[in-house]
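Novice: Input target03.pdb, format and content: PDB, C-alpha atoms.
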MODEL        1
ATOM      1  CA  GLU D  10      10.099 -80.589  12.816
ATOM      2  CA  PHE D  11       8.794 -81.037   9.253
ATOM      3  CA  ILE D  12       6.800 -84.239   9.810
ATOM      4  CA  HIS D  13       3.157 -83.851   8.767
ATOM      5  CA  ASN D  14       0.144 -85.824   7.585
ATOM      6  CA  THR D  15      -1.470 -85.526   4.172
ATOM      7  CA  SER D  16      -4.770 -83.777   3.604
ATOM      8  CA  GLN D  17      -7.283 -83.451   0.796
ATOM      9  CA  LEU D  18      -7.302 -79.669   1.369
ATOM     10  CA  GLN D  19      -4.304 -77.766  -0.003
ATOM     11  CA  HIS D  20      -3.071 -74.291  -0.897
ATOM     12  CA  PHE D  21       0.093 -74.010  -2.979
ATOM     13  CA  TYR D  22       2.608 -71.289  -2.096
ATOM     14  CA  PHE D  23       5.238 -70.822  -4.842
ATOM     15  CA  PHE D  24       8.399 -68.796  -4.156
ATOM     16  CA  ASN D  25      10.483 -67.223  -6.925
ATOM     17  CA  GLU D  26      13.453 -67.150  -4.562
ATOM     18  CA  VAL D  27      14.281 -68.637  -1.151
ATOM     19  CA  THR D  28      17.419 -67.447   0.638
ATOM     20  CA  ILE D  29      19.411 -67.662   3.840
ATOM     21  CA  ASN D  30      21.322 -64.427   4.464
ATOM     22  CA  GLY D  31      20.967 -63.585   0.769
ATOM     23  CA  ASP D  32      22.256 -66.936  -0.517
ATOM     24  CA  SER D  33      19.936 -69.306  -2.384
ATOM     25  CA  LEU D  34      19.092 -72.588  -0.703
ATOM     26  CA  VAL D  35      20.991 -75.687  -1.759
ATOM     27  CA  ALA D  36      19.209 -78.810  -3.015
ATOM     28  CA  ASP D  37      19.340 -80.512   0.410
ATOM     29  CA  ASP D  38      17.652 -77.647   2.311
ATOM     30  CA  TRP D  39      13.960 -77.750   3.171
ATOM     31  CA  VAL D  40      11.077 -75.284   3.479
ATOM     32  CA  GLY D  41       8.251 -76.054   5.877
ATOM     33  CA  ALA D  42       4.922 -74.417   6.663
ATOM     34  CA  PHE D  43       3.364 -74.242  10.103
ATOM     35  CA  LYS D  44       0.210 -73.255  11.909
ATOM     36  CA  GLY D  45       1.536 -72.434  15.349
ATOM     37  CA  ASP D  46       3.860 -75.320  16.166
ATOM     38  CA  ILE D  47       2.105 -77.836  13.885
ATOM     39  CA  CYS D  48       3.822 -78.619  10.590
ATOM     40  CA  VAL D  49       1.244 -78.383   7.800
ATOM     41  CA  GLY D  50       3.514 -78.996   4.805
ATOM     42  CA  ALA D  51       7.159 -79.243   3.782
ATOM     43  CA  LYS D  52       9.308 -79.700   0.714
ATOM     44  CA  LYS D  53      12.941 -80.411  -0.055
ATOM     45  CA  TRP D  54      14.055 -77.317  -1.968
ATOM     46  CA  ASP D  55      15.733 -78.820  -5.037
ATOM     47  CA  THR D  56      14.972 -76.203  -7.693
ATOM     48  CA  SER D  57      16.441 -78.415 -10.433
ATOM     49  CA  ILE D  58      13.325 -80.612 -10.253
ATOM     50  CA  CYS D  59      10.769 -77.806  -9.811
ATOM     51  CA  GLY D  60       8.931 -76.311 -12.756
ATOM     52  CA  GLY D  61      11.039 -73.493 -14.162
ATOM     53  CA  GLY D  62      13.210 -73.566 -11.034
ATOM     54  CA  ILE D  63      10.336 -72.255  -8.912
ATOM     55  CA  CYS D  64       9.339 -74.613  -6.101
ATOM     56  CA  GLU D  65       6.195 -74.656  -4.008
ATOM     57  CA  VAL D  66       5.040 -75.787  -0.608
ATOM     58  CA  ALA D  67       1.655 -77.481  -0.435
ATOM     59  CA  VAL D  68       0.193 -76.054   2.783
ATOM     60  CA  LEU D  69      -2.398 -78.478   4.095
ATOM     61  CA  GLY D  70      -5.772 -77.771   5.646
ATOM     62  CA  ASN D  71      -7.998 -79.400   8.228
ATOM     63  CA  ASP D  72     -10.102 -81.876   6.255
ATOM     64  CA  GLY D  73     -12.092 -83.005   9.291
ATOM     65  CA  THR D  74     -10.073 -86.136   9.989
ATOM     66  CA  GLU D  75      -8.169 -86.781  13.198
ATOM     67  CA  PHE D  76      -4.927 -86.653  11.182
ATOM     68  CA  THR D  77      -5.328 -82.976  10.268
ATOM     69  CA  THR D  78      -6.566 -81.553  13.579
ATOM     70  CA  GLY D  79      -5.010 -78.114  14.029
ATOM     71  CA  TYR D  80      -4.189 -77.718  10.334
ATOM     72  CA  MET D  81      -4.987 -74.593   8.297
ATOM     73  CA  MET D  82      -8.465 -73.133   8.065
ATOM     74  CA  THR D  83      -9.746 -70.520   5.606
ATOM     75  CA  GLY D  84      -8.267 -67.136   6.498
ATOM     76  CA  ASP D  85      -5.236 -68.462   8.410
ATOM     77  CA  ILE D  86      -1.758 -67.265   7.447
ATOM     78  CA  PRO D  87       0.958 -69.934   7.449
ATOM     79  CA  ILE D  88       4.292 -69.463   9.182
ATOM     80  CA  PHE D  89       7.336 -70.654   7.232
ATOM     81  CA  LYS D  90      10.634 -72.144   8.375
ATOM     82  CA  ILE D  91      13.773 -73.129   6.526
ATOM     83  CA  PHE D  92      15.891 -76.129   7.458
ATOM     84  CA  ASP D  93      19.528 -75.343   6.658
ATOM     85  CA  VAL D  94      21.133 -78.758   6.185
ATOM     86  CA  SER D  95      24.715 -77.446   6.241
ATOM     87  CA  GLU D  96      24.208 -75.925   9.705
ATOM     88  CA  SER D  97      21.617 -78.512  10.811
ATOM     89  CA  GLU D  98      19.323 -75.755  12.076
ATOM     90  CA  TYR D  99      15.770 -74.546  11.655
ATOM     91  CA  LEU D 100      15.366 -70.875  10.812
ATOM     92  CA  ASP D 101      12.248 -68.763  11.086
ATOM     93  CA  ALA D 102      11.441 -67.321   7.670
ATOM     94  CA  VAL D 103       9.611 -64.292   6.329
ATOM     95  CA  ALA D 104       7.575 -64.343   3.110
ATOM     96  CA  SER D 105       7.496 -61.264   0.884
ATOM     97  CA  GLU D 106       3.788 -60.993   1.688
ATOM     98  CA  ASP D 107       1.198 -62.649   3.899
ATOM     99  CA  ILE D 108      -1.288 -64.665   1.855
ATOM    100  CA  LEU D 109      -4.431 -66.000   3.518
ATOM    101  CA  TRP D 110      -4.880 -69.755   3.262
ATOM    102  CA  SER D 111      -7.855 -71.111   1.315
ATOM    103  CA  ASN D 112      -8.486 -74.571  -0.077
ATOM    104  CA  GLY D 113      -7.389 -74.762  -3.705
ATOM    105  CA  GLY D 114      -5.339 -71.575  -3.436
ATOM    106  CA  PHE D 115      -2.391 -71.010  -5.750
ATOM    107  CA  ASP D 116      -0.112 -68.033  -5.100
ATOM    108  CA  ILE D 117       3.306 -66.995  -6.383
ATOM    109  CA  LEU D 118       5.331 -64.912  -3.947
ATOM    110  CA  ASP D 119       8.534 -63.026  -4.703
ATOM    111  CA  ASN D 120      10.645 -64.470  -1.940
ATOM    112  CA  LEU D 121      11.080 -66.254   1.333
ATOM    113  CA  GLN D 122      14.095 -65.450   3.473
ATOM    114  CA  ASN D 123      15.367 -66.307   6.904
ATOM    115  CA  ALA D 124      14.097 -63.962   9.595
ATOM    116  CA  VAL D 125      16.612 -61.361  10.722
ATOM    117  CA  PRO D 126      15.306 -59.600  13.821
ATOM    118  CA  GLY D 127      16.289 -56.018  14.501
ATOM    119  CA  CYS D 128      15.194 -52.418  14.162
ATOM    120  CA  THR D 129      13.352 -51.967  10.842
ATOM    121  CA  ASP D 130      12.502 -48.245  11.189
ATOM    122  CA  ASP D 131      14.936 -46.293   9.004
ATOM    123  CA  ALA D 132      14.313 -43.174  11.116
ATOM    124  CA  ALA D 133      15.796 -44.881  14.208
ATOM    125  CA  CYS D 134      19.388 -44.473  15.378
ATOM    126  CA  ASN D 135      19.987 -48.231  15.354
ATOM    127  CA  TYR D 136      18.248 -49.053  12.047
ATOM    128  CA  ASN D 137      19.414 -52.410  10.684
ATOM    129  CA  ASP D 138      19.245 -52.595   6.897
ATOM    130  CA  ASP D 139      19.487 -56.400   7.067
ATOM    131  CA  ALA D 140      16.587 -56.791   9.514
ATOM    132  CA  ASN D 141      13.254 -57.961   8.120
ATOM    133  CA  VAL D 142      11.436 -58.586  11.410
ATOM    134  CA  GLY D 143      10.988 -55.702  13.833
ATOM    135  CA  ASN D 144      11.832 -56.711  17.390
ATOM    136  CA  GLY D 145      11.002 -53.564  19.346
ATOM    137  CA  THR D 146      14.619 -52.513  19.878
ATOM    138  CA  CYS D 147      14.588 -49.255  17.901
ATOM    139  CA  THR D 148      16.121 -46.262  19.655
ATOM    140  CA  TYR D 149      15.607 -42.651  18.665
ATOM    141  CA  ALA D 150      17.455 -39.377  19.184
ATOM    142  CA  GLU D 151      16.143 -36.988  21.810
ATOM    143  CA  GLU D 152      14.158 -34.014  20.567
ATOM    144  CA  ASN D 153      16.403 -31.398  18.913
ATOM    145  CA  TYR D 154      19.350 -33.842  18.706
ATOM    146  CA  ASP D 155      20.663 -36.288  16.111
ATOM    147  CA  CYS D 156      21.746 -39.855  16.837
ATOM    148  CA  ASP D 157      25.272 -38.656  17.732
ATOM    149  CA  ASP D 158      23.887 -36.226  20.381
ATOM    150  CA  ASN D 159      24.604 -33.184  18.220
ATOM    151  CA  CYS D 160      22.170 -30.297  18.569
ATOM    152  CA  THR D 161      20.141 -29.985  15.362
ATOM    153  CA  SER D 162      17.988 -26.931  16.186
ATOM    154  CA  GLY D 163      20.537 -24.393  17.434
ATOM    155  CA  GLU D 164      21.280 -23.193  20.941
ATOM    156  CA  ASP D 165      19.722 -20.209  22.655
ATOM    157  CA  CYS D 166      21.733 -17.572  24.543
ATOM    158  CA  ALA D 167      21.748 -19.818  27.653
ATOM    159  CA  GLY D 168      23.335 -22.660  25.652
ATOM    160  CA  GLU D 169      20.159 -24.796  25.670
ATOM    161  CA  CYS D 170      19.638 -26.799  22.484
ATOM    162  CA  GLY D 171      16.311 -25.766  21.001
ATOM    163  CA  GLY D 172      15.761 -23.332  23.889
ATOM    164  CA  SER D 173      13.859 -20.052  23.568
ATOM    165  CA  ALA D 174      15.833 -17.709  25.832
ATOM    166  CA  GLU D 175      16.764 -14.415  24.162
ATOM    167  CA  ILE D 176      18.916 -11.466  25.133
ATOM    168  CA  ASP D 177      16.719  -8.608  26.350
ATOM    169  CA  GLU D 178      17.236  -4.832  25.821
ATOM    170  CA  CYS D 179      19.553  -4.740  28.806
ATOM    171  CA  GLY D 180      21.829  -7.435  27.342
ATOM    172  CA  VAL D 181      20.638 -10.115  29.785
ATOM    173  CA  CYS D 182      20.012 -13.607  28.475
ATOM    174  CA  GLY D 183      16.444 -14.523  29.389
ATOM    175  CA  GLY D 184      15.965 -11.192  31.149
ATOM    176  CA  ASP D 185      12.782  -9.107  31.291
ATOM    177  CA  GLY D 186      14.297  -5.902  29.883
ATOM    178  CA  ILE D 187      14.536  -4.176  33.272
ATOM    179  CA  ALA D 188      17.866  -3.675  35.028
ATOM    180  CA  VAL D 189      18.023  -4.810  38.646
ATOM    181  CA  GLY D 190      16.850  -1.986  40.952
ATOM    182  CA  ALA D 191      15.886   0.286  38.089
ATOM    183  CA  CYS D 192      12.878   0.956  35.977
ATOM    184  CA  ASP D 193      14.711   0.444  32.746
ATOM    185  CA  CYS D 194      18.094  -0.566  31.409
ATOM    186  CA  ASP D 195      19.600   2.953  31.644
ATOM    187  CA  GLY D 196      18.347   3.650  35.187
TER     188      GLY D 196
ENDMDL
END
Using the file provided, produce a representation of the structure as structure tokens.
Specialist:
Amino acid sequence: EFIHNTSQLQHFYFFNEVTINGDSLVADDWVGAFKGDICVGAKKWDTSICGGGICEVAVLGNDGTEFTTGYMMTGDIPIFKIFDVSESEYLDAVASEDILWSNGGFDILDNLQNAVPGCTDDAACNYNDDANVGNGTCTYAEENYDCDDNCTSGEDCAGECGGSAEIDECGVCGGDGIAVGACDCDG
């Protein structure tokens, strides 16, 4: 998937750290950049030969030739993938920030890591601390309940969680203060 043509237009994306499930890449792994499904740059991630152990991917732009049709244009955001040699698989990756492509650009990002889809909202019942890509699967507790279906707002006299029923002057839960068949509670 990482085959691409060269271009005169380039933007360099440096990553302080690239990981798969928290582990640094090994020297045989690769990082590639894409625009849609078109590879627009790739590099073998051997940090021992990169300046200061920080490697970069030259992300290539459309220079007007037939060889770079579909490549990056000013304002595009590249998509990154990691090739894990040990598992022989391509992994979607997430950069620590989205940087717009521009010819001659040079940016240093904190990290690039394999995408872990899941619920990323820490207020949800199924929050996944490892997830870095929201996938729309978050679930939430019902109003007045916690994620374990425990009532969090108290029950009224009718046993309804968060309800508003009260005991009236006649001792009736949710009553109107008038005894049946009488004008008042004593009647």
Novice: I want to know what sits within 12 Å of Gly31 of chain D, based on all atoms listed in the file, with residues of the same chain fewer than 5 positions away left out; could you give that as a list in words?
Specialist: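 With the cut-off at 12 Å, the set is Glu26, Asn120, Leu121, Gln122, Asn123, Ala124, Val125, Asp139 and Ala140 of chain D.
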Novice: Using the chain letters and numbers from the file, give me the residues hit by the PyMOL selection byres ((chain D and resi 147) around 12), as a ChimeraX atom specification.
Specialist: /D:126-137,140,142-146,148-150,156
Novice: Could you tell me how far atom CA of Val40 of chain D lies from atom CA of Ile86 of chain D, in Å and to one decimal?
Specialist: 15.6 Å
Novice: Report the residues retrieved by the PyMOL selection byres ((chain D and resi 17) around 12) from the displayed file, expressed as a PyMOL selection string.
Specialist: chain D and resi 14-16+18-20+67-74+76-77+80-81+112-113
Novice: I'd like the interatomic distance between atom CA of Ala104 of chain D and atom CA of Ile29 of chain D, to a tenth of an Å.
Specialist: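 Here the two named atoms are 12.3 Å from each other.
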Novice: So which residues get picked by the PyMOL selection byres ((chain D and resi 117) around 8) here, written as a list in words?
Specialist: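 After applying the PyMOL selection byres ((chain D and resi 117) around 8), what remains is Tyr22, Phe23, Phe24, Asn25, Phe115, Asp116, Leu118 and Asp119 of chain D.
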Novice: What separation in Å, quoted to one decimal, exists between atom CA of Ala36 of chain D and atom CA of Gly60 of chain D?
Specialist: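 If I compute the distance from atom CA of Ala36 of chain D to atom CA of Gly60 of chain D, I get 14.4 Å.
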Novice: Nearest to Asp38 of chain D: which of D:Ile12, D:Ile63, D:Val94, D:Ile88 is it, counting only C-alpha atoms?
Specialist: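 Closest residue, counting only C-alpha atoms: D:Val94.
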Novice: Show me, as a list in words, the residues that have an atom within 7 Å of Ser162 of chain D when counting all atoms listed in the file, minus same-chain residues fewer than 6 positions from it.
Specialist: Asn153, Cys170 and Gly171 of chain D
Novice: Hey, what's within 7 Å of Lys90 of chain D if we count only C-alpha atoms and toss same-chain stuff fewer than 4 positions away? As number ranges by chain, please?
Specialist: D: 40-42, 99-102
Novice: Step by step, gather every atom of segment 32-37 of chain D that the file lists, find the box along x, y and z that holds them, add 5 Å on each side, and finally give centre and edge lengths in Å to one decimal, as JSON.
Specialist:
{"center_x": 20.7, "center_y": -73.7, "center_z": -1.3, "size_x": 13.2, "size_y": 23.6, "size_z": 13.4}
Novice: Calculated over all atoms listed in the file, which of the candidates D:Phe43, D:Asp37, D:Gly114, D:Asn30 has the smallest distance to Asp55 of chain D?
Specialist: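 The shortest atom-to-atom distance to Asp55 of chain D comes from D:Asp37.
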Novice: Ranking D:Glu178, D:Asp93, D:Glu98, D:Asp107 by minimum distance to Trp39 of chain D and counting only C-alpha atoms, which one comes first?
Specialist: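 Using only C-alpha atoms, the shortest distance to Trp39 of chain D belongs to D:Asp93.
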Novice: Kindly output segment 26-38 of chain D as a PDB file, in the coordinates of the input, after building N, CA, C and O atoms.
Specialist:
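Saved as rebuild.pdb:
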ATOM      1  N   GLU D  26      12.112 -67.058  -5.131  1.00  0.00           N
ATOM      2  CA  GLU D  26      13.453 -67.150  -4.562  1.00  0.00           C
ATOM      3  C   GLU D  26      13.338 -67.441  -3.069  1.00  0.00           C
ATOM      4  O   GLU D  26      12.505 -66.870  -2.379  1.00  0.00           O
ATOM      5  N   VAL D  27      14.199 -68.345  -2.580  1.00  0.00           N
ATOM      6  CA  VAL D  27      14.281 -68.637  -1.151  1.00  0.00           C
ATOM      7  C   VAL D  27      15.754 -68.529  -0.762  1.00  0.00           C
ATOM      8  O   VAL D  27      16.617 -69.151  -1.390  1.00  0.00           O
ATOM      9  N   THR D  28      16.036 -67.714   0.269  1.00  0.00           N
ATOM     10  CA  THR D  28      17.419 -67.447   0.638  1.00  0.00           C
ATOM     11  C   THR D  28      17.655 -67.516   2.143  1.00  0.00           C
ATOM     12  O   THR D  28      16.738 -67.341   2.939  1.00  0.00           O
ATOM     13  N   ILE D  29      18.907 -67.773   2.477  1.00  0.00           N
ATOM     14  CA  ILE D  29      19.411 -67.662   3.840  1.00  0.00           C
ATOM     15  C   ILE D  29      20.528 -66.629   3.784  1.00  0.00           C
ATOM     16  O   ILE D  29      21.517 -66.836   3.083  1.00  0.00           O
ATOM     17  N   ASN D  30      20.338 -65.525   4.466  1.00  0.00           N
ATOM     18  CA  ASN D  30      21.322 -64.427   4.464  1.00  0.00           C
ATOM     19  C   ASN D  30      21.715 -64.025   3.048  1.00  0.00           C
ATOM     20  O   ASN D  30      22.885 -63.753   2.761  1.00  0.00           O
ATOM     21  N   GLY D  31      20.740 -64.013   2.148  1.00  0.00           N
ATOM     22  CA  GLY D  31      20.967 -63.585   0.769  1.00  0.00           C
ATOM     23  C   GLY D  31      21.443 -64.658  -0.180  1.00  0.00           C
ATOM     24  O   GLY D  31      21.498 -64.443  -1.383  1.00  0.00           O
ATOM     25  N   ASP D  32      21.791 -65.841   0.339  1.00  0.00           N
ATOM     26  CA  ASP D  32      22.256 -66.936  -0.517  1.00  0.00           C
ATOM     27  C   ASP D  32      21.108 -67.914  -0.780  1.00  0.00           C
ATOM     28  O   ASP D  32      20.385 -68.287   0.135  1.00  0.00           O
ATOM     29  N   SER D  33      20.987 -68.348  -2.024  1.00  0.00           N
ATOM     30  CA  SER D  33      19.936 -69.306  -2.384  1.00  0.00           C
ATOM     31  C   SER D  33      20.126 -70.619  -1.636  1.00  0.00           C
ATOM     32  O   SER D  33      21.251 -71.015  -1.334  1.00  0.00           O
ATOM     33  N   LEU D  34      19.016 -71.288  -1.360  1.00  0.00           N
ATOM     34  CA  LEU D  34      19.092 -72.588  -0.703  1.00  0.00           C
ATOM     35  C   LEU D  34      19.795 -73.585  -1.607  1.00  0.00           C
ATOM     36  O   LEU D  34      19.772 -73.460  -2.830  1.00  0.00           O
ATOM     37  N   VAL D  35      20.399 -74.590  -0.994  1.00  0.00           N
ATOM     38  CA  VAL D  35      20.991 -75.687  -1.759  1.00  0.00           C
ATOM     39  C   VAL D  35      19.965 -76.811  -1.832  1.00  0.00           C
ATOM     40  O   VAL D  35      18.979 -76.830  -1.081  1.00  0.00           O
ATOM     41  N   ALA D  36      20.195 -77.762  -2.719  1.00  0.00           N
ATOM     42  CA  ALA D  36      19.209 -78.810  -3.015  1.00  0.00           C
ATOM     43  C   ALA D  36      18.840 -79.673  -1.813  1.00  0.00           C
ATOM     44  O   ALA D  36      17.796 -80.315  -1.820  1.00  0.00           O
ATOM     45  N   ASP D  37      19.651 -79.695  -0.768  1.00  0.00           N
ATOM     46  CA  ASP D  37      19.340 -80.512   0.410  1.00  0.00           C
ATOM     47  C   ASP D  37      18.561 -79.763   1.480  1.00  0.00           C
ATOM     48  O   ASP D  37      18.105 -80.358   2.453  1.00  0.00           O
ATOM     49  N   ASP D  38      18.399 -78.434   1.337  1.00  0.00           N
ATOM     50  CA  ASP D  38      17.652 -77.647   2.311  1.00  0.00           C
ATOM     51  C   ASP D  38      16.152 -77.878   2.143  1.00  0.00           C
ATOM     52  O   ASP D  38      15.699 -78.358   1.097  1.00  0.00           O
TER      53      ASP D  38
END
